[in-house]
$ cat data_37.tsv   # TSV, C-alpha atoms
chain	number	residue	atom	x	y	z
A	1	MET	CA	108.69	-6.07	220.32
A	2	THR	CA	107.75	-2.74	221.89
A	3	VAL	CA	109.67	0.43	221.01
A	4	ASP	CA	109.64	3.99	222.36
A	5	VAL	CA	111.37	6.77	220.41
A	6	ILE	CA	112.71	9.60	222.59
A	7	LEU	CA	112.74	12.99	220.89
A	8	PRO	CA	114.36	15.83	222.88
A	9	CYS	CA	112.70	19.05	221.73
A	10	LEU	CA	113.36	22.77	222.08
A	11	ASP	CA	111.38	25.02	219.73
A	12	GLU	CA	110.96	22.53	216.87
A	13	ALA	CA	107.39	23.40	215.82
A	14	GLU	CA	108.38	23.52	212.15
A	15	ALA	CA	110.07	20.12	212.11
A	16	LEU	CA	107.69	18.12	214.33
A	17	PRO	CA	105.06	17.19	211.69
A	18	TRP	CA	107.66	15.57	209.43
A	19	VAL	CA	109.54	13.88	212.26
A	20	LEU	CA	106.44	12.40	213.86
A	21	SER	CA	105.08	11.24	210.49
A	22	ARG	CA	108.24	9.13	210.11
A	23	ILE	CA	107.82	7.22	213.39
A	24	PRO	CA	107.26	3.54	212.48
A	25	ALA	CA	103.72	2.24	212.92
A	26	GLY	CA	103.09	0.77	216.35
A	27	TRP	CA	105.97	2.60	217.99
A	28	ARG	CA	105.43	5.34	220.57
A	29	ALA	CA	106.94	8.80	220.14
A	30	ILE	CA	107.96	10.52	223.38
A	31	VAL	CA	108.59	14.22	222.79
A	32	VAL	CA	110.48	15.73	225.71
A	33	ASP	CA	109.83	19.45	225.70
A	34	ASN	CA	112.80	21.29	227.18
A	35	GLY	CA	111.23	24.72	227.55
A	36	SER	CA	109.86	25.49	224.08
A	37	THR	CA	108.09	28.81	223.51
A	38	ASP	CA	106.77	28.07	220.01
A	39	GLY	CA	104.00	25.64	220.93
A	40	SER	CA	106.04	22.53	220.18
A	41	ASP	CA	104.45	20.61	223.05
A	42	ARG	CA	100.92	21.35	221.81
A	43	ILE	CA	101.78	20.39	218.23
A	44	ALA	CA	103.39	17.14	219.35
A	45	ARG	CA	100.38	16.23	221.48
A	46	ASP	CA	97.96	17.04	218.65
A	47	LEU	CA	99.98	14.75	216.38
A	48	GLY	CA	99.61	11.85	218.79
A	49	ALA	CA	102.93	11.92	220.63
A	50	THR	CA	103.35	11.44	224.35
A	51	VAL	CA	104.69	14.74	225.72
A	52	VAL	CA	107.00	14.95	228.72
A	53	HIS	CA	108.11	18.30	230.16
A	54	GLU	CA	111.67	18.65	231.45
A	55	GLY	CA	112.27	22.02	233.10
A	56	ARG	CA	116.01	21.60	233.54
A	57	ARG	CA	117.71	22.83	230.37
A	58	GLY	CA	120.18	20.52	228.70
A	59	PHE	CA	120.23	17.88	225.98
A	60	GLY	CA	121.09	15.17	228.48
A	61	ALA	CA	118.34	16.27	230.85
A	62	ALA	CA	115.77	15.94	228.07
A	63	CYS	CA	117.09	12.58	226.86
A	64	HIS	CA	117.15	11.09	230.35
A	65	ALA	CA	113.68	12.35	231.16
A	66	GLY	CA	112.50	10.51	228.05
A	67	LEU	CA	114.34	7.36	229.10
A	68	LEU	CA	112.69	7.45	232.52
A	69	ALA	CA	109.29	7.97	230.90
A	70	ALA	CA	109.78	5.13	228.43
A	71	GLU	CA	108.19	1.75	229.13
A	72	ALA	CA	109.06	-0.28	226.03
A	73	GLU	CA	111.68	-3.01	225.92
A	74	TYR	CA	113.61	-1.08	223.27
A	75	VAL	CA	114.27	2.65	223.21
A	76	CYS	CA	115.60	4.85	220.46
A	77	PHE	CA	116.87	8.42	220.44
A	78	CYS	CA	116.49	10.85	217.57
A	79	ASP	CA	116.90	14.59	217.15
A	80	CYS	CA	113.65	16.46	216.61
A	81	ASP	CA	114.91	18.91	213.96
A	82	ALA	CA	114.22	16.84	210.78
A	83	SER	CA	117.93	16.22	210.17
A	84	LEU	CA	117.52	12.48	210.80
A	85	ASP	CA	114.77	10.11	209.71
A	86	PRO	CA	113.39	8.07	212.64
A	87	GLY	CA	112.10	5.54	210.14
A	88	LEU	CA	115.68	4.29	209.85
A	89	LEU	CA	115.51	3.06	213.43
A	90	VAL	CA	113.68	-0.11	212.38
A	91	ASP	CA	116.99	-1.57	211.23
A	92	PHE	CA	118.69	-0.41	214.44
A	93	VAL	CA	116.17	-2.15	216.68
A	94	THR	CA	116.30	-5.29	214.56
A	95	ARG	CA	120.08	-5.48	215.04
A	96	VAL	CA	119.68	-5.19	218.80
A	97	GLY	CA	116.79	-7.65	218.93
A	98	ASP	CA	118.69	-10.21	216.85
A	99	GLY	CA	121.65	-10.00	219.23
A	100	GLU	CA	123.98	-8.48	216.66
A	101	SER	CA	124.63	-5.40	218.80
A	102	ASP	CA	123.82	-3.94	222.21
A	103	LEU	CA	123.97	-0.30	221.09
A	104	VAL	CA	123.54	0.82	217.49
A	105	LEU	CA	124.61	4.34	216.49
A	106	GLY	CA	123.91	6.23	213.30
A	107	ARG	CA	127.03	7.42	211.49
A	108	ARG	CA	125.91	10.64	209.85
A	109	ARG	CA	126.54	11.09	206.13
A	110	PRO	CA	125.78	14.72	205.13
A	111	GLN	CA	123.27	15.22	202.32
A	112	GLY	CA	123.49	18.62	200.70
A	113	ARG	CA	125.21	21.87	201.59
A	114	GLY	CA	124.89	23.04	205.16
A	115	ALA	CA	123.84	19.70	206.62
A	116	TRP	CA	126.92	19.50	208.84
A	117	PRO	CA	128.99	22.69	209.38
A	118	PRO	CA	132.77	22.17	209.13
A	119	HIS	CA	133.44	23.27	212.71
A	120	ALA	CA	130.88	20.80	214.05
A	121	ARG	CA	132.29	17.98	211.95
A	122	ALA	CA	135.83	18.76	213.13
A	123	GLY	CA	134.75	18.74	216.77
A	124	ASN	CA	132.97	15.42	216.32
A	125	LEU	CA	136.03	13.88	214.65
A	126	ALA	CA	138.30	15.01	217.49
A	127	LEU	CA	135.98	13.52	220.07
A	128	ALA	CA	135.76	10.24	218.17
A	129	ARG	CA	139.56	10.00	218.27
A	130	MET	CA	139.64	10.72	221.99
A	131	LEU	CA	136.94	8.11	222.52
A	132	ARG	CA	139.03	5.56	220.62
A	133	ARG	CA	142.01	6.23	222.87
A	134	ARG	CA	139.84	5.93	225.97
A	135	THR	CA	137.80	2.85	225.07
A	136	GLY	CA	139.30	1.22	221.99
A	137	LEU	CA	136.02	1.64	220.09
A	138	ARG	CA	136.73	2.52	216.45
A	139	LEU	CA	133.75	4.80	215.97
A	140	HIS	CA	133.54	7.71	213.55
A	141	ASP	CA	130.54	9.60	214.88
A	142	LEU	CA	128.77	10.34	218.15
A	143	GLY	CA	125.47	11.15	216.52
A	144	PRO	CA	122.10	11.20	218.27
A	145	LEU	CA	120.34	8.45	216.27
A	146	ARG	CA	120.68	5.29	218.35
A	147	ALA	CA	118.89	2.25	219.78
A	148	ALA	CA	119.32	-0.13	222.73
A	149	ARG	CA	117.32	-1.99	225.37
A	150	ARG	CA	115.77	0.29	227.95
A	151	GLY	CA	116.66	-1.79	231.01
A	152	GLU	CA	120.29	-2.04	230.01
A	153	LEU	CA	120.53	1.70	229.38
A	154	LEU	CA	119.11	2.42	232.83
A	155	ALA	CA	121.72	0.09	234.33
A	156	LEU	CA	124.48	2.32	232.90
A	157	ASP	CA	123.47	4.94	235.50
A	158	LEU	CA	124.06	7.91	233.20
A	159	THR	CA	124.62	11.15	235.11
A	160	ASP	CA	125.49	13.83	232.53
A	161	ARG	CA	122.59	16.17	231.80
A	162	ARG	CA	124.25	18.41	229.23
A	163	SER	CA	125.83	17.75	225.84
A	164	GLY	CA	128.00	14.98	227.23
A	165	TYR	CA	125.07	12.58	227.63
A	166	PRO	CA	125.43	10.78	224.25
A	167	LEU	CA	129.16	10.32	224.77
A	168	GLN	CA	128.77	9.12	228.36
A	169	MET	CA	126.34	6.51	227.08
A	170	VAL	CA	128.96	5.15	224.69
A	171	VAL	CA	131.80	5.30	227.23
A	172	ARG	CA	129.84	3.43	229.88
A	173	ALA	CA	128.56	0.93	227.33
A	174	ALA	CA	132.18	0.21	226.39
A	175	GLU	CA	133.14	-0.16	230.05
A	176	ALA	CA	130.31	-2.65	230.47
A	177	GLY	CA	131.51	-4.74	227.53
A	178	TRP	CA	128.67	-3.86	225.17
A	179	ARG	CA	128.89	-4.51	221.46
A	180	VAL	CA	128.65	-1.03	219.92
A	181	THR	CA	128.19	-0.72	216.16
A	182	GLU	CA	127.66	2.01	213.58
A	183	VAL	CA	125.26	2.21	210.65
A	184	ASP	CA	125.53	4.85	207.94
A	185	VAL	CA	122.54	7.21	207.86
A	186	PRO	CA	121.77	10.25	205.68
A	187	TYR	CA	122.13	13.54	207.55
A	188	LEU	CA	119.82	16.23	206.18
A	189	PRO	CA	119.94	20.02	206.58
A	190	ARG	CA	118.06	20.64	209.79
A	191	SER	CA	114.92	22.72	210.12
A	192	GLY	CA	115.76	26.06	211.75
A	193	ARG	CA	118.99	27.03	213.47
A	194	SER	CA	120.87	24.57	215.64
A	195	LYS	CA	121.17	25.43	219.33
A	196	VAL	CA	124.56	23.70	219.42
A	197	THR	CA	126.34	23.23	216.08
A	198	GLY	CA	124.85	26.39	214.60
A	199	THR	CA	127.53	28.47	216.30
A	200	TRP	CA	131.20	28.12	217.21
A	201	ARG	CA	130.34	28.88	220.82
A	202	GLY	CA	127.67	26.21	220.99
A	203	THR	CA	129.99	23.67	219.39
A	204	TRP	CA	132.80	24.52	221.82
A	205	GLN	CA	130.50	24.17	224.82
A	206	ALA	CA	129.41	20.75	223.59
A	207	VAL	CA	133.01	19.67	223.03
A	208	ARG	CA	133.90	20.92	226.53
A	209	ASP	CA	131.07	18.90	228.06
A	210	MET	CA	132.17	15.79	226.21
A	211	ARG	CA	135.83	16.22	227.12
A	212	ALA	CA	134.75	16.36	230.75
A	213	VAL	CA	133.03	13.00	230.29
A	214	LEU	CA	136.20	11.50	228.80
A	215	ALA	CA	138.22	12.82	231.74
A	216	GLN	CA	136.11	10.87	234.22
A	217	GLY	CA	137.48	7.63	235.63
A	218	PRO	CA	135.85	4.28	234.85
A	219	ALA	CA	132.40	4.07	236.37
A	220	ASP	CA	132.20	1.89	239.47
A	221	ARG	CA	129.21	-0.33	238.76
A	222	VAL	CA	130.10	-3.79	239.98
A	223	GLY	CA	128.13	-6.47	238.17
A	224	VAL	CA	127.30	-4.51	235.03
A	225	VAL	CA	128.58	-6.87	232.34
A	226	GLY	CA	127.41	-6.94	228.75
A	227	GLY	CA	124.79	-4.33	229.57
A	228	VAL	CA	123.04	-6.53	232.18
A	229	GLN	CA	123.13	-5.82	235.92
$ encode --input "data_37.tsv" --output "structure tokens"
Amino acid sequence: MTVDVILPCLDEAEALPWVLSRIPAGWRAIVVDNGSTDGSDRIARDLGATVVHEGRRGFGAACHAGLLAAEAEYVCFCDCDASLDPGLLVDFVTRVGDGESDLVLGRRRPQGRGAWPPHARAGNLALARMLRRRTGLRLHDLGPLRAARRGELLALDLTDRRSGYPLQMVVRAAEAGWRVTEVDVPYLPRSGRSKVTGTWRGTWQAVRDMRAVLAQGPADRVGVVGGVQ
């Protein structure tokens, strides 16, 4: 099987060496630079990653640029701040490849003080409850570590380019009848300060983006069943 790992990146020079060293052998790392000023793109390229530049700011913009640049049958997403180990994605891809799941998500389990600020955890919990009411999926986390087939993700026609992108992926997967599962993963204290959960304002903006996704009506994509168009 072929696998591309999409790594949205904004000023993660400190974390990149560890993150890229954890990419499984034979997989391709796609670092999507979203306007870094610390040389992240150069470091990633020197470490062997494929570098894609996305000028439009936004987590979703970076993730989708990576998805469009990917060529492998399977794609994974992982934060580039050393809070999550991309090596864990081997199990995720295996579950998808074996037909156990269509979309595998990492349920974050904080390791150590400061790994997951209380306000960020509370916002995530509230969104998970709203997602359950909207889709019936009994998920506990909307974390960024995930895996699916590239072609099926493209068929979801994701449109959000801000913080709502990961949630829109899950909502549209549920609408399409996908099997969505969670796997517990250790969540480590990130390298540097978070652009989102590091502040109340950033967390609120992310929650606002995600609530907007939940307020949207069911996507009209006739023929998208079980993730296949």
$ atom_distance --input "data_37.tsv" --atom1 "CA of Leu127 in chain A" --atom2 "CA of Glu175 in chain A"
17.2 Å
$ residues_around --input "data_37.tsv" --residues "Ala49 in chain A" --least-positions-apart "6" --cutoff "7 Å" --atoms "all atoms listed in the file" --output "PyMOL selection string"
chain A and resi 29-31
$ atom_distance --input "data_37.tsv" --atom1 "CA of Tyr74 in chain A" --atom2 "CA of Val171 in chain A"
19.7 Å
$ atom_distance --input "data_37.tsv" --atom1 "CA of Arg149 in chain A" --atom2 "CA of Glu182 in chain A"
16.2 Å
$ residues_around --input "data_37.tsv" --residues "Leu137 in chain A" --least-positions-apart "2" --cutoff "10 Å" --atoms "all atoms listed in the file" --output "list in words"
Ala128, Arg129, Met130, Leu131, Arg132, Arg133, Arg134, Thr135, Leu139, His140, Val170, Val171, Ala174, Arg179, Val180 and Thr181 of chain A
$ residues_around --input "data_37.tsv" --residues "Trp27 in chain A" --least-positions-apart "2" --cutoff "6 Å" --atoms "all atoms listed in the file" --output "list in words"
Val3, Asp4, Pro24 and Ala25 of chain A
